[in-house]
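Novice: For reference, the structure I am asking about is given below.
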Amino acid sequence: ALIMSIAILFFLPILHTSKSQGLQFYPMNQILFWYMFIIVILLTWIGARPVEDPYILTGQILTVLYFLYYIINPIVSKIWDKTLNY
């Protein structure tokens with residue numbers, strides 16, 4: 001999971017197939033961006049906590065949400081492109 005969390009950032013330019021380059025035309029993706037921003041901050045905070053019961057489960061849930069972002073974001077972009085008829 002640690003290697004994939006970094007490796008997925010290298011594949012983002014290859015996987016980016018949106019017609020528009022900026023997020024200003026994708027309001028749902030803007031919301032997802034801030035969702036990702038909060039997830040990264042919470043994962044950083046959880047990483048500094050001791051390995052105890054509530055922090056382990058919270059870290060696992062946040063890790064799943066981190067990887068779900070990379071699955072949901074392209075899907076939302078394609079739906080929005082179809083809505084705008086790009």
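Identifiers for the structure tokens are assigned positionally: chains receive A, B, ... in sequence, residues are indexed from 1 per chain, and ligands are indexed from 1 in the order shown.
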List the spatial neighbours of Tyr70 of chain A as a PyMOL selection string - criterion: any atom at most 9 Å away, only C-alpha atoms, same-chain residues fewer than 3 positions off excluded.

Specialist: chain A and resi 8+12+66-67+73-74

Novice: Just the selected residues (all heavy atoms), exported as a compact mmCIF listing (two decimals), in the first residue's frame, please.

Specialist:
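Printed below is part-v2.txt as written:
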```txt
# COMPACT_ATOMS: atom_id res chain seq x y z
N ILE A 8 0.91 5.59 -7.64
CA ILE A 8 -0.32 6.04 -8.29
C ILE A 8 -0.19 7.49 -8.75
O ILE A 8 -0.78 7.89 -9.74
CB ILE A 8 -1.54 5.83 -7.37
CG1 ILE A 8 -2.82 5.82 -8.18
CG2 ILE A 8 -1.61 6.88 -6.29
CD1 ILE A 8 -3.99 5.26 -7.43
N LEU A 12 -0.96 9.22 -12.76
CA LEU A 12 -2.04 10.18 -12.96
C LEU A 12 -1.99 10.90 -14.30
O LEU A 12 -3.02 11.04 -14.96
CB LEU A 12 -2.05 11.20 -11.81
CG LEU A 12 -2.69 10.74 -10.53
CD1 LEU A 12 -2.63 11.84 -9.49
CD2 LEU A 12 -4.11 10.31 -10.75
N TYR A 66 -8.54 6.98 0.55
CA TYR A 66 -7.47 7.56 -0.27
C TYR A 66 -7.44 6.90 -1.65
O TYR A 66 -7.39 7.58 -2.67
CB TYR A 66 -6.13 7.38 0.45
CG TYR A 66 -4.93 7.83 -0.34
CD1 TYR A 66 -4.55 9.16 -0.35
CD2 TYR A 66 -4.17 6.93 -1.08
CE1 TYR A 66 -3.44 9.58 -1.06
CE2 TYR A 66 -3.07 7.34 -1.80
CZ TYR A 66 -2.70 8.67 -1.79
OH TYR A 66 -1.61 9.08 -2.50
N PHE A 67 -7.48 5.58 -1.68
CA PHE A 67 -7.42 4.88 -2.96
C PHE A 67 -8.74 4.98 -3.72
O PHE A 67 -8.74 4.95 -4.96
CB PHE A 67 -7.01 3.42 -2.76
CG PHE A 67 -5.54 3.28 -2.44
CD1 PHE A 67 -5.13 2.88 -1.19
CD2 PHE A 67 -4.58 3.54 -3.39
CE1 PHE A 67 -3.79 2.75 -0.90
CE2 PHE A 67 -3.23 3.42 -3.12
CZ PHE A 67 -2.84 3.02 -1.86
N ASN A 73 -12.61 9.72 -9.07
CA ASN A 73 -12.34 10.97 -9.78
C ASN A 73 -12.44 10.84 -11.30
O ASN A 73 -13.11 11.66 -11.93
CB ASN A 73 -10.97 11.52 -9.35
CG ASN A 73 -10.78 12.96 -9.74
OD1 ASN A 73 -11.73 13.71 -9.86
ND2 ASN A 73 -9.54 13.35 -9.96
N PRO A 74 -11.82 9.85 -11.95
CA PRO A 74 -11.99 9.74 -13.41
C PRO A 74 -13.42 9.42 -13.83
O PRO A 74 -13.88 9.89 -14.87
CB PRO A 74 -11.06 8.60 -13.81
CG PRO A 74 -10.15 8.38 -12.68
CD PRO A 74 -10.83 8.89 -11.46
```

Novice: Rounded to one decimal place, report the atom CA of Trp45 of chain A-atom CA of Ile31 of chain A distance in Å.

Specialist: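 Between atom CA of Trp45 of chain A and atom CA of Ile31 of chain A the gap works out to 21.4 Å.
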
Novice: Quick one: residues within 10 Å of Phe25 of chain A, only C-alpha atoms, excluding same-chain residues fewer than 3 positions away - as a PyMOL selection string?

Specialist: chain A and resi 20-22+28-30+77+80-81+84

Novice: Taking into account only C-alpha atoms, which residue in the set A:Leu57, A:Ile6, A:Ile72, A:Leu62 is nearest to Leu43 of chain A?

Specialist: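 Of A:Leu57, A:Ile6, A:Ile72, A:Leu62, the one nearest Leu43 of chain A, counting only C-alpha atoms, is A:Leu62.
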
Novice: Which distance in Å separates atom CA of Ile56 of chain A and atom CA of Phe33 of chain A, to one decimal?

Specialist: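 Between atom CA of Ile56 of chain A and atom CA of Phe33 of chain A the gap works out to 24.5 Å.
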
Novice: Could you work out how far atom CA of Ile79 of chain A lies from atom CA of Leu15 of chain A, giving the answer in Å with one decimal?

Specialist: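 Straight-line distance from atom CA of Leu15 of chain A to atom CA of Ile79 of chain A works out to 15.5 Å.
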
Novice: From the options A:Leu65, A:Ile14, A:Leu9, A:Val51, which residue's atoms come nearest to Ile38 of chain A, counting only C-alpha atoms?

Specialist: A:Leu65

Novice: Using the chain letters and numbers from this document, which residues of chain A does DSSP assign to alpha helix (DSSP H), as a short mmCIF file (atom, residue, chain, number, x, y, z; two decimals) with C-alpha atoms, in the first residue's frame?

Specialist:
```
data_model
loop_
_atom_site.label_atom_id
_atom_site.label_comp_id
_atom_site.auth_asym_id
_atom_site.auth_seq_id
_atom_site.Cartn_x
_atom_site.Cartn_y
_atom_site.Cartn_z
CA LEU A 2 2.89 2.36 0.74
CA ILE A 3 4.46 1.82 -2.67
CA MET A 4 1.10 2.09 -4.44
CA SER A 5 0.26 5.36 -2.67
CA ILE A 6 3.34 6.93 -4.29
CA ALA A 7 3.26 4.99 -7.58
CA ILE A 8 -0.32 6.04 -8.29
CA LEU A 9 0.87 9.66 -8.47
CA PHE A 10 3.19 8.75 -11.36
CA PHE A 11 0.31 7.20 -13.32
CA LEU A 12 -2.04 10.18 -12.96
CA PRO A 13 -0.84 12.03 -16.09
CA ILE A 14 -1.27 8.86 -18.14
CA LEU A 15 -4.77 8.19 -16.78
CA PRO A 27 -17.60 21.23 -9.71
CA MET A 28 -17.86 17.67 -8.41
CA ASN A 29 -14.13 17.17 -8.93
CA GLN A 30 -13.47 20.33 -6.94
CA ILE A 31 -15.39 18.80 -4.05
CA LEU A 32 -13.45 15.55 -4.48
CA PHE A 33 -10.18 17.52 -4.44
CA TRP A 34 -10.96 19.02 -1.04
CA TYR A 35 -12.10 15.60 0.15
CA MET A 36 -8.68 14.26 -0.86
CA PHE A 37 -6.93 17.17 0.82
CA ILE A 38 -8.68 16.39 4.13
CA ILE A 39 -7.90 12.66 3.76
CA VAL A 40 -4.18 13.38 3.30
CA ILE A 41 -4.11 15.66 6.34
CA LEU A 42 -5.92 13.06 8.45
CA LEU A 43 -3.60 10.28 7.24
CA THR A 44 -0.61 12.43 8.21
CA TRP A 45 -2.10 13.00 11.65
CA ILE A 46 -2.92 9.29 12.09
CA GLY A 47 0.64 8.40 11.11
CA ASP A 53 -6.99 0.34 18.68
CA PRO A 54 -8.95 3.40 17.50
CA TYR A 55 -6.08 4.74 15.39
CA ILE A 56 -5.52 1.47 13.53
CA LEU A 57 -9.12 1.26 12.32
CA THR A 58 -9.19 4.97 11.46
CA GLY A 59 -5.99 4.61 9.43
CA GLN A 60 -7.38 1.64 7.53
CA ILE A 61 -10.60 3.45 6.68
CA LEU A 62 -8.71 6.56 5.56
CA THR A 63 -6.40 4.43 3.41
CA VAL A 64 -9.38 2.88 1.62
CA LEU A 65 -10.85 6.35 1.07
CA TYR A 66 -7.47 7.56 -0.27
CA PHE A 67 -7.42 4.88 -2.96
CA LEU A 68 -11.14 5.29 -3.71
CA TYR A 69 -10.45 8.88 -4.73
CA TYR A 70 -8.33 7.66 -7.65
CA ILE A 71 -11.15 5.38 -8.77
CA ILE A 72 -14.01 7.85 -8.32
CA ASN A 73 -12.34 10.97 -9.78
CA PRO A 74 -11.99 9.74 -13.41
CA ILE A 75 -15.51 8.32 -13.34
CA VAL A 76 -16.95 11.65 -12.21
CA SER A 77 -14.93 13.46 -14.90
CA LYS A 78 -16.29 11.19 -17.63
CA ILE A 79 -19.86 11.63 -16.39
CA TRP A 80 -19.41 15.40 -16.30
CA ASP A 81 -17.89 15.39 -19.82
CA LYS A 82 -20.92 13.47 -21.11
CA THR A 83 -23.23 15.91 -19.34
CA LEU A 84 -21.51 18.88 -20.99
#
```
